[in-house]
$ cat final_12.csv   # CSV, N, CA and C atoms and all ligand atoms
chain,number,residue,atom,x,y,z
A,904,MET,N,147.1,131.5,107.2
A,904,MET,CA,147.2,132.6,108.2
A,904,MET,C,147.8,133.8,107.5
A,905,THR,N,147.2,134.9,107.8
A,905,THR,CA,147.7,136.2,107.3
A,905,THR,C,148.5,136.9,108.4
A,906,ARG,N,149.4,137.8,107.9
A,906,ARG,CA,150.3,138.5,108.9
A,906,ARG,C,149.8,139.9,109.0
A,907,ILE,N,149.3,140.3,110.2
A,907,ILE,CA,148.8,141.6,110.4
A,907,ILE,C,149.9,142.5,111.0
A,908,CYS,N,150.2,143.6,110.3
A,908,CYS,CA,151.3,144.5,110.8
A,908,CYS,C,150.9,145.1,112.1
A,909,GLU,N,151.9,145.1,113.1
A,909,GLU,CA,151.7,145.7,114.4
A,909,GLU,C,151.7,147.2,114.3
A,910,ASN,N,152.4,147.7,113.3
A,910,ASN,CA,152.6,149.1,113.2
A,910,ASN,C,151.4,149.8,112.5
A,911,CYS,N,150.9,149.3,111.3
A,911,CYS,CA,149.9,150.0,110.6
A,911,CYS,C,148.6,149.1,110.4
A,912,GLU,N,148.7,147.9,110.9
A,912,GLU,CA,147.5,146.9,110.9
A,912,GLU,C,147.1,146.5,109.4
A,913,PHE,N,148.1,146.7,108.5
A,913,PHE,CA,147.9,146.2,107.1
A,913,PHE,C,147.9,144.7,107.1
A,914,VAL,N,147.0,144.1,106.4
A,914,VAL,CA,146.9,142.6,106.3
A,914,VAL,C,147.8,142.1,105.2
A,915,ASN,N,148.9,141.4,105.6
A,915,ASN,CA,149.9,141.0,104.6
A,915,ASN,C,149.7,139.5,104.2
A,916,GLN,N,150.2,139.1,103.1
A,916,GLN,CA,150.2,137.7,102.7
A,916,GLN,C,151.1,136.9,103.7
A,917,ASP,N,150.7,135.7,104.0
A,917,ASP,CA,151.4,134.9,105.1
A,917,ASP,C,152.9,134.6,104.8
A,918,ASP,N,153.3,134.8,103.5
A,918,ASP,CA,154.7,134.5,103.2
A,918,ASP,C,155.6,135.8,103.3
A,919,TYR,N,155.0,136.9,103.7
A,919,TYR,CA,155.7,138.1,103.8
A,919,TYR,C,156.4,138.2,105.1
A,920,ASP,N,157.7,138.6,105.1
A,920,ASP,CA,158.4,138.8,106.3
A,920,ASP,C,158.4,140.2,106.8
A,921,TYR,N,158.1,141.1,105.8
A,921,TYR,CA,158.0,142.5,106.1
A,921,TYR,C,156.7,143.1,105.6
A,922,CYS,N,156.1,144.0,106.3
A,922,CYS,CA,154.8,144.6,105.9
A,922,CYS,C,155.0,145.3,104.6
A,923,ALA,N,154.0,144.9,103.6
A,923,ALA,CA,154.1,145.5,102.3
A,923,ALA,C,153.8,147.0,102.2
A,924,LYS,N,153.1,147.4,103.3
A,924,LYS,CA,152.7,148.8,103.3
A,924,LYS,C,153.8,149.7,103.9
A,925,CYS,N,154.3,149.3,105.1
A,925,CYS,CA,155.2,150.2,105.8
A,925,CYS,C,156.6,149.7,106.1
A,926,GLY,N,156.8,148.4,105.7
A,926,GLY,CA,158.2,147.9,105.8
A,926,GLY,C,158.5,147.3,107.2
A,927,THR,N,157.6,147.4,108.2
A,927,THR,CA,157.9,146.8,109.5
A,927,THR,C,158.1,145.3,109.5
A,928,PRO,N,159.1,144.8,110.1
A,928,PRO,CA,159.3,143.3,110.2
A,928,PRO,C,158.1,142.7,110.8
A,929,LEU,N,157.6,141.6,110.2
A,929,LEU,CA,156.4,140.9,110.7
A,929,LEU,C,156.8,139.6,111.5
A,930,VAL,N,158.1,139.3,111.4
A,930,VAL,CA,158.6,138.1,112.2
A,930,VAL,C,159.5,138.6,113.2
A,931,GLU,N,159.4,138.1,114.4
A,931,GLU,CA,160.3,138.5,115.5
A,931,GLU,C,161.7,138.2,115.2
A,932,GLY,N,162.6,139.2,115.5
A,932,GLY,CA,164.0,139.0,115.3
A,932,GLY,C,164.6,139.5,114.0
A,933,LEU,N,163.7,139.9,113.1
A,933,LEU,CA,164.2,140.4,111.8
A,933,LEU,C,164.4,141.9,112.0
A,934,GLU,N,165.5,142.4,111.4
A,934,GLU,CA,165.9,143.8,111.5
A,934,GLU,C,165.1,144.5,110.3
A,935,PRO,N,164.8,145.8,110.5
A,935,PRO,CA,164.2,146.5,109.4
A,935,PRO,C,165.2,146.5,108.2
A,936,LYS,N,164.6,146.4,107.0
A,936,LYS,CA,165.5,146.3,105.8
A,936,LYS,C,166.3,147.6,105.6
A,937,GLN,N,167.6,147.5,105.4
A,937,GLN,CA,168.4,148.6,105.2
A,937,GLN,C,168.1,149.4,104.0
A,938,ILE,N,167.4,148.8,103.0
A,938,ILE,CA,167.2,149.5,101.7
A,938,ILE,C,166.1,150.5,101.9
A,939,TYR,N,165.3,150.5,103.0
A,939,TYR,CA,164.3,151.5,103.2
A,939,TYR,C,164.7,152.5,104.2
A,940,VAL,N,164.3,153.8,104.0
A,940,VAL,CA,164.5,154.8,105.1
A,940,VAL,C,163.1,155.1,105.6
A,941,TYR,N,163.0,155.1,107.0
A,941,TYR,CA,161.7,155.3,107.6
A,941,TYR,C,161.4,156.8,107.7
A,942,ASN,N,160.3,157.2,107.2
A,942,ASN,CA,159.9,158.5,107.2
A,942,ASN,C,158.5,158.5,107.7
A,943,GLY,N,158.3,158.6,109.0
A,943,GLY,CA,157.0,158.4,109.6
A,943,GLY,C,156.5,157.0,109.4
A,944,ALA,N,155.3,156.8,108.9
A,944,ALA,CA,154.8,155.4,108.7
A,944,ALA,C,155.1,154.9,107.4
A,945,ARG,N,155.5,155.7,106.4
A,945,ARG,CA,155.7,155.2,105.0
A,945,ARG,C,157.2,155.0,104.8
A,946,PRO,N,157.6,153.9,104.3
A,946,PRO,CA,159.0,153.7,104.0
A,946,PRO,C,159.3,154.4,102.6
A,947,GLN,N,160.5,155.0,102.6
A,947,GLN,CA,161.0,155.6,101.4
A,947,GLN,C,162.1,154.8,100.9
A,948,LEU,N,162.3,154.7,99.6
A,948,LEU,CA,163.4,154.0,99.1
A,948,LEU,C,164.7,154.7,99.5
A,949,ASN,N,165.7,154.0,99.9
A,949,ASN,CA,167.0,154.6,100.2
A,949,ASN,C,167.7,154.8,98.9
A,950,LYS,N,167.8,156.0,98.5
A,950,LYS,CA,168.4,156.3,97.1
A,950,LYS,C,169.8,155.8,97.0
A,951,LYS,N,170.6,156.0,98.1
A,951,LYS,CA,172.0,155.6,98.1
A,951,LYS,C,172.1,154.1,97.8
A,952,ALA,N,171.2,153.3,98.5
A,952,ALA,CA,171.2,151.8,98.3
A,952,ALA,C,170.9,151.5,96.9
A,953,ILE,N,169.9,152.2,96.3
A,953,ILE,CA,169.5,151.9,94.9
A,953,ILE,C,170.7,152.2,94.0
A,954,ILE,N,171.4,153.4,94.2
A,954,ILE,CA,172.5,153.7,93.3
A,954,ILE,C,173.6,152.7,93.4
A,955,ILE,N,173.9,152.2,94.7
A,955,ILE,CA,174.9,151.2,94.9
A,955,ILE,C,174.5,149.9,94.1
A,956,ALA,N,173.2,149.6,94.2
A,956,ALA,CA,172.7,148.4,93.5
A,956,ALA,C,172.9,148.5,92.0
A,957,TYR,N,172.7,149.7,91.4
A,957,TYR,CA,172.9,149.9,90.0
A,957,TYR,C,174.4,149.8,89.7
A,958,ILE,N,175.2,150.5,90.5
A,958,ILE,CA,176.7,150.4,90.2
A,958,ILE,C,177.2,149.0,90.3
A,959,LEU,N,176.8,148.3,91.3
A,959,LEU,CA,177.3,146.9,91.5
A,959,LEU,C,176.9,146.0,90.3
A,960,THR,N,175.6,146.2,90.0
A,960,THR,CA,175.0,145.3,88.9
A,960,THR,C,175.7,145.6,87.6
A,961,ILE,N,176.0,146.9,87.3
A,961,ILE,CA,176.6,147.3,86.0
A,961,ILE,C,178.0,146.8,86.0
A,962,VAL,N,178.8,147.1,87.1
A,962,VAL,CA,180.2,146.6,87.2
A,962,VAL,C,180.3,145.1,87.0
A,963,LEU,N,179.4,144.4,87.7
A,963,LEU,CA,179.5,142.9,87.7
A,963,LEU,C,179.1,142.3,86.3
A,964,SER,N,178.0,142.9,85.8
A,964,SER,CA,177.4,142.2,84.6
A,964,SER,C,178.1,142.7,83.3
A,965,TRP,N,178.7,144.0,83.3
A,965,TRP,CA,179.3,144.5,82.1
A,965,TRP,C,180.8,144.5,82.2
A,966,GLY,N,181.4,144.2,83.4
A,966,GLY,CA,182.8,144.2,83.6
A,966,GLY,C,183.6,143.3,82.7
A,967,GLY,N,183.0,142.1,82.5
A,967,GLY,CA,183.7,141.1,81.6
A,967,GLY,C,183.8,141.6,80.2
A,968,PHE,N,182.7,142.2,79.7
A,968,PHE,CA,182.7,142.7,78.3
A,968,PHE,C,183.7,143.9,78.2
A,969,PHE,N,183.7,144.8,79.1
A,969,PHE,CA,184.6,145.9,79.0
A,969,PHE,C,186.1,145.5,79.2
A,970,TRP,N,186.3,144.5,80.0
A,970,TRP,CA,187.6,143.9,80.2
A,970,TRP,C,188.1,143.3,78.9
A,971,TRP,N,187.1,142.6,78.2
A,971,TRP,CA,187.5,142.0,76.9
A,971,TRP,C,187.8,143.1,75.9
A,972,LEU,N,187.0,144.2,75.9
A,972,LEU,CA,187.2,145.3,75.0
A,972,LEU,C,188.6,145.9,75.2
A,973,ALA,N,189.1,145.9,76.4
A,973,ALA,CA,190.4,146.5,76.7
A,973,ALA,C,191.5,145.6,76.5
A,974,THR,N,191.3,144.3,76.7
A,974,THR,CA,192.4,143.3,76.7
A,974,THR,C,192.3,142.2,75.8
A,975,LYS,N,191.1,142.0,75.2
A,975,LYS,CA,190.7,140.8,74.3
A,975,LYS,C,190.9,139.5,75.1
A,976,ASN,N,190.8,139.6,76.4
A,976,ASN,CA,190.9,138.5,77.3
A,976,ASN,C,189.5,138.2,77.9
A,977,THR,N,189.0,136.9,77.8
A,977,THR,CA,187.7,136.6,78.2
A,977,THR,C,187.7,135.8,79.5
A,978,SER,N,188.9,135.8,80.2
A,978,SER,CA,189.0,135.0,81.4
A,978,SER,C,188.1,135.3,82.6
A,979,ILE,N,187.6,136.6,82.6
A,979,ILE,CA,186.7,136.9,83.8
A,979,ILE,C,185.2,137.0,83.3
A,980,ASN,N,185.0,136.7,82.0
A,980,ASN,CA,183.6,136.9,81.5
A,980,ASN,C,182.6,136.0,82.2
A,981,ALA,N,182.9,134.8,82.6
A,981,ALA,CA,181.9,133.9,83.2
A,981,ALA,C,181.4,134.5,84.5
A,982,PHE,N,182.2,135.3,85.2
A,982,PHE,CA,181.8,135.9,86.5
A,982,PHE,C,180.7,137.0,86.3
A,983,THR,N,180.5,137.4,85.1
A,983,THR,CA,179.4,138.4,84.9
A,983,THR,C,178.1,137.9,85.3
A,984,PHE,N,178.0,136.5,85.4
A,984,PHE,CA,176.8,135.8,85.8
A,984,PHE,C,176.3,136.4,87.2
A,985,PHE,N,177.3,136.7,88.1
A,985,PHE,CA,177.0,137.2,89.4
A,985,PHE,C,176.2,138.5,89.4
A,986,GLY,N,176.3,139.2,88.2
A,986,GLY,CA,175.6,140.5,88.1
A,986,GLY,C,174.1,140.3,88.1
A,987,LEU,N,173.6,139.1,87.9
A,987,LEU,CA,172.2,138.8,87.8
A,987,LEU,C,171.6,138.6,89.2
A,988,PHE,N,172.4,138.4,90.3
A,988,PHE,CA,171.9,138.1,91.6
A,988,PHE,C,171.1,139.3,92.2
A,989,MET,N,171.6,140.5,92.1
A,989,MET,CA,171.0,141.7,92.7
A,989,MET,C,169.6,141.9,92.0
A,990,PRO,N,169.5,141.9,90.7
A,990,PRO,CA,168.2,142.1,90.1
A,990,PRO,C,167.2,141.0,90.5
A,991,PHE,N,167.6,139.7,90.5
A,991,PHE,CA,166.7,138.7,90.9
A,991,PHE,C,166.2,138.8,92.4
A,992,TYR,N,167.1,139.4,93.2
A,992,TYR,CA,166.7,139.7,94.6
A,992,TYR,C,165.7,140.8,94.6
A,993,LEU,N,165.9,141.8,93.8
A,993,LEU,CA,165.0,143.0,93.9
A,993,LEU,C,163.7,142.8,93.2
A,994,ILE,N,163.6,141.9,92.2
A,994,ILE,CA,162.3,141.7,91.6
A,994,ILE,C,161.3,140.9,92.5
A,995,GLN,N,161.9,140.4,93.6
A,995,GLN,CA,161.0,139.8,94.6
A,995,GLN,C,160.7,140.7,95.8
A,996,ALA,N,161.1,141.9,95.7
A,996,ALA,CA,160.9,142.8,96.8
A,996,ALA,C,159.4,143.1,97.1
A,997,PRO,N,159.0,143.3,98.3
A,997,PRO,CA,157.6,143.6,98.6
A,997,PRO,C,157.1,144.9,98.2
A,998,ILE,N,158.0,145.8,97.8
A,998,ILE,CA,157.5,147.2,97.4
A,998,ILE,C,157.6,147.4,95.9
A,999,ARG,N,156.6,147.9,95.3
A,999,ARG,CA,156.5,147.9,93.9
A,999,ARG,C,157.6,148.7,93.2
A,1000,GLU,N,157.9,149.9,93.8
A,1000,GLU,CA,159.0,150.7,93.2
A,1000,GLU,C,160.3,150.0,93.2
A,1001,LEU,N,160.5,149.2,94.2
A,1001,LEU,CA,161.8,148.4,94.3
A,1001,LEU,C,161.8,147.3,93.2
A,1002,ARG,N,160.6,146.7,93.0
A,1002,ARG,CA,160.5,145.7,91.9
A,1002,ARG,C,160.8,146.3,90.5
A,1003,LYS,N,160.3,147.5,90.4
A,1003,LYS,CA,160.5,148.3,89.1
A,1003,LYS,C,162.0,148.4,88.8
A,1004,HIS,N,162.8,148.8,89.9
A,1004,HIS,CA,164.2,149.0,89.7
A,1004,HIS,C,164.8,147.6,89.4
A,1005,GLY,N,164.3,146.6,90.0
A,1005,GLY,CA,164.8,145.2,89.8
A,1005,GLY,C,164.6,144.8,88.4
A,1006,ILE,N,163.5,145.2,87.7
A,1006,ILE,CA,163.2,144.8,86.3
A,1006,ILE,C,164.2,145.6,85.4
A,1007,ILE,N,164.4,146.9,85.7
A,1007,ILE,CA,165.3,147.7,84.9
A,1007,ILE,C,166.7,147.0,85.0
A,1008,LEU,N,167.1,146.7,86.3
A,1008,LEU,CA,168.5,146.1,86.5
A,1008,LEU,C,168.6,144.8,85.8
A,1009,LEU,N,167.5,144.0,85.7
A,1009,LEU,CA,167.5,142.7,85.1
A,1009,LEU,C,167.9,142.8,83.6
A,1010,PHE,N,167.2,143.8,83.0
A,1010,PHE,CA,167.5,144.1,81.5
A,1010,PHE,C,168.9,144.5,81.3
A,1011,ILE,N,169.4,145.4,82.2
A,1011,ILE,CA,170.8,145.9,82.1
A,1011,ILE,C,171.8,144.8,82.2
A,1012,SER,N,171.5,143.9,83.3
A,1012,SER,CA,172.5,142.9,83.5
A,1012,SER,C,172.4,141.7,82.5
A,1013,LEU,N,171.2,141.4,82.0
A,1013,LEU,CA,171.1,140.4,81.0
A,1013,LEU,C,171.8,140.8,79.7
A,1014,ALA,N,171.7,142.1,79.4
A,1014,ALA,CA,172.4,142.6,78.2
A,1014,ALA,C,173.9,142.4,78.4
A,1015,GLY,N,174.4,142.8,79.5
A,1015,GLY,CA,175.9,142.7,79.8
A,1015,GLY,C,176.3,141.3,79.8
A,1016,VAL,N,175.6,140.4,80.5
A,1016,VAL,CA,175.9,139.0,80.6
A,1016,VAL,C,175.9,138.3,79.2
A,1017,ALA,N,174.9,138.7,78.4
A,1017,ALA,CA,174.7,138.1,77.0
A,1017,ALA,C,175.9,138.5,76.2
A,1018,LEU,N,176.4,139.8,76.3
A,1018,LEU,CA,177.5,140.2,75.5
A,1018,LEU,C,178.8,139.5,76.0
A,1019,SER,N,178.9,139.4,77.3
A,1019,SER,CA,180.1,138.7,77.8
A,1019,SER,C,180.2,137.3,77.4
A,1020,PHE,N,179.1,136.6,77.3
A,1020,PHE,CA,179.1,135.2,76.9
A,1020,PHE,C,179.2,135.1,75.4
A,1021,TYR,N,178.7,136.1,74.7
A,1021,TYR,CA,178.8,136.1,73.2
A,1021,TYR,C,180.3,136.2,72.8
A,1022,VAL,N,181.1,137.1,73.5
A,1022,VAL,CA,182.5,137.2,73.2
A,1022,VAL,C,183.3,136.0,73.6
A,1023,ILE,N,182.8,135.2,74.6
A,1023,ILE,CA,183.5,134.0,74.9
A,1023,ILE,C,183.4,133.0,73.7
A,1024,MET,N,182.1,132.9,73.1
A,1024,MET,CA,181.9,132.0,72.0
A,1024,MET,C,182.6,132.3,70.7
A,1025,ASN,N,182.9,133.6,70.6
A,1025,ASN,CA,183.4,134.0,69.3
A,1025,ASN,C,184.9,134.4,69.3
B,1101,ZN,ZN,152.7,148.0,108.3
$ encode --input "final_12.csv" --output "structure tokens" --more "lines below"
Ligand SMILES: [Zn+2]
Amino acid sequence: MTRICENCEFVNQDDYDYCAKCGTPLVEGLEPKQIYVYNGARPQLNKKAIIIAYILTIVLSWGGFFWWLATKNTSINAFTFFGLFMPFYLIQAPIRELRKHGIILLFISLAGVALSFYVIMN
């Protein structure tokens, strides 16, 4: 069964909860995603939400390494793993531009996590 959008009549894959074209929820009871700003029929990326996603990911995935640089203490480095959650969420987004940010964030966070774990081992 495909999911046809009530707003723009775009035919979506049946596992989509939101219209891939306009972002309208396809399942009753779902709120429109906060990461999009509605501008007529076309969803625009919410730039503030993207910037917050970048800041959160960088702080989480690189925090352990910078903490180690400052203190030579690796006690919080294992928590940098949480920095991977936001990119993994974004690379599954229904909108291509959002997946692109997810891939960029994935590389940023993987580098930070790799460094954090490297300094634990050494
Ligand atoms: Zn739609």
$ residues_near_ligand --input "final_12.csv" --ligand "ligand ZN 1101 (chain B)" --cutoff "7 Å" --atoms "all atoms listed in the file" --output "number ranges by chain"
A: 907-913, 921-927
$ residues_around --input "final_12.csv" --residues "region 977-979 of chain A" --least-positions-apart "5" --cutoff "7 Å" --atoms "all atoms listed in the file" --output "list in words"
Gly966, Gly967, Phe968, Trp970, Trp971, Val1022 and Ile1023 of chain A
$ write_last_selection --input "final_12.csv" --atoms "N, CA and C atoms" --output "compact mmCIF listing (two decimals), in the frame of the given file"
# COMPACT_ATOMS: atom_id res chain seq x y z
N GLY A 966 181.40 144.20 83.40
CA GLY A 966 182.80 144.20 83.60
C GLY A 966 183.60 143.30 82.70
N GLY A 967 183.00 142.10 82.50
CA GLY A 967 183.70 141.10 81.60
C GLY A 967 183.80 141.60 80.20
N PHE A 968 182.70 142.20 79.70
CA PHE A 968 182.70 142.70 78.30
C PHE A 968 183.70 143.90 78.20
N TRP A 970 186.30 144.50 80.00
CA TRP A 970 187.60 143.90 80.20
C TRP A 970 188.10 143.30 78.90
N TRP A 971 187.10 142.60 78.20
CA TRP A 971 187.50 142.00 76.90
C TRP A 971 187.80 143.10 75.90
N VAL A 1022 181.10 137.10 73.50
CA VAL A 1022 182.50 137.20 73.20
C VAL A 1022 183.30 136.00 73.60
N ILE A 1023 182.80 135.20 74.60
CA ILE A 1023 183.50 134.00 74.90
C ILE A 1023 183.40 133.00 73.70
$ residues_around --input "final_12.csv" --residues "region 1009-1017 of chain A" --least-positions-apart "6" --cutoff "12 Å" --atoms "only C-alpha atoms" --output "PyMOL selection string"
chain A and resi 956-971+979-995+1002-1003+1023-1024
$ atom_distance --input "final_12.csv" --atom1 "CA of Leu929 (chain A)" --atom2 "atom N of Ile998 (chain A)"
13.9 Å
$ atom_distance --input "final_12.csv" --atom1 "atom C of Tyr919 (chain A)" --atom2 "atom C of Thr905 (chain A)"
8.7 Å
$ select_by_dssp --input "final_12.csv" --residues "chain A" --states "strand (DSSP E)" --output "list in words"
Arg906, Ile907, Val914, Asn915, Tyr939, Val940, Tyr941, Asn942, Arg945, Pro946, Gln947 and Leu948 of chain A
$ write_last_selection --input "final_12.csv" --atoms "N, CA and C atoms" --output "mmCIF file, keeping the file's coordinate frame"
data_model
loop_
_atom_site.group_PDB
_atom_site.id
_atom_site.type_symbol
_atom_site.label_atom_id
_atom_site.label_comp_id
_atom_site.auth_asym_id
_atom_site.auth_seq_id
_atom_site.Cartn_x
_atom_site.Cartn_y
_atom_site.Cartn_z
ATOM 1 N N ARG A 906 149.400 137.800 107.900
ATOM 2 C CA ARG A 906 150.300 138.500 108.900
ATOM 3 C C ARG A 906 149.800 139.900 109.000
ATOM 4 N N ILE A 907 149.300 140.300 110.200
ATOM 5 C CA ILE A 907 148.800 141.600 110.400
ATOM 6 C C ILE A 907 149.900 142.500 111.000
ATOM 7 N N VAL A 914 147.000 144.100 106.400
ATOM 8 C CA VAL A 914 146.900 142.600 106.300
ATOM 9 C C VAL A 914 147.800 142.100 105.200
ATOM 10 N N ASN A 915 148.900 141.400 105.600
ATOM 11 C CA ASN A 915 149.900 141.000 104.600
ATOM 12 C C ASN A 915 149.700 139.500 104.200
ATOM 13 N N TYR A 939 165.300 150.500 103.000
ATOM 14 C CA TYR A 939 164.300 151.500 103.200
ATOM 15 C C TYR A 939 164.700 152.500 104.200
ATOM 16 N N VAL A 940 164.300 153.800 104.000
ATOM 17 C CA VAL A 940 164.500 154.800 105.100
ATOM 18 C C VAL A 940 163.100 155.100 105.600
ATOM 19 N N TYR A 941 163.000 155.100 107.000
ATOM 20 C CA TYR A 941 161.700 155.300 107.600
ATOM 21 C C TYR A 941 161.400 156.800 107.700
ATOM 22 N N ASN A 942 160.300 157.200 107.200
ATOM 23 C CA ASN A 942 159.900 158.500 107.200
ATOM 24 C C ASN A 942 158.500 158.500 107.700
ATOM 25 N N ARG A 945 155.500 155.700 106.400
ATOM 26 C CA ARG A 945 155.700 155.200 105.000
ATOM 27 C C ARG A 945 157.200 155.000 104.800
ATOM 28 N N PRO A 946 157.600 153.900 104.300
ATOM 29 C CA PRO A 946 159.000 153.700 104.000
ATOM 30 C C PRO A 946 159.300 154.400 102.600
ATOM 31 N N GLN A 947 160.500 155.000 102.600
ATOM 32 C CA GLN A 947 161.000 155.600 101.400
ATOM 33 C C GLN A 947 162.100 154.800 100.900
ATOM 34 N N LEU A 948 162.300 154.700 99.600
ATOM 35 C CA LEU A 948 163.400 154.000 99.100
ATOM 36 C C LEU A 948 164.700 154.700 99.500
#
$ atom_distance --input "final_12.csv" --atom1 "CA of Leu1001 (chain A)" --atom2 "atom C of Ala952 (chain A)"
10.0 Å
$ select_by_dssp --input "final_12.csv" --residues "chain A" --states "alpha helix (DSSP H)" --output "JSON, numbers by chain"
{"A": [950, 951, 952, 953, 954, 955, 956, 957, 958, 959, 960, 961, 962, 963, 964, 965, 966, 967, 968, 969, 970, 971, 972, 973, 974, 988, 989, 990, 991, 992, 993, 999, 1000, 1001, 1002, 1003, 1004, 1005, 1006, 1007, 1008, 1009, 1010, 1011, 1012, 1013, 1014, 1015, 1016, 1017, 1018, 1019, 1020, 1021, 1022, 1023, 1024]}
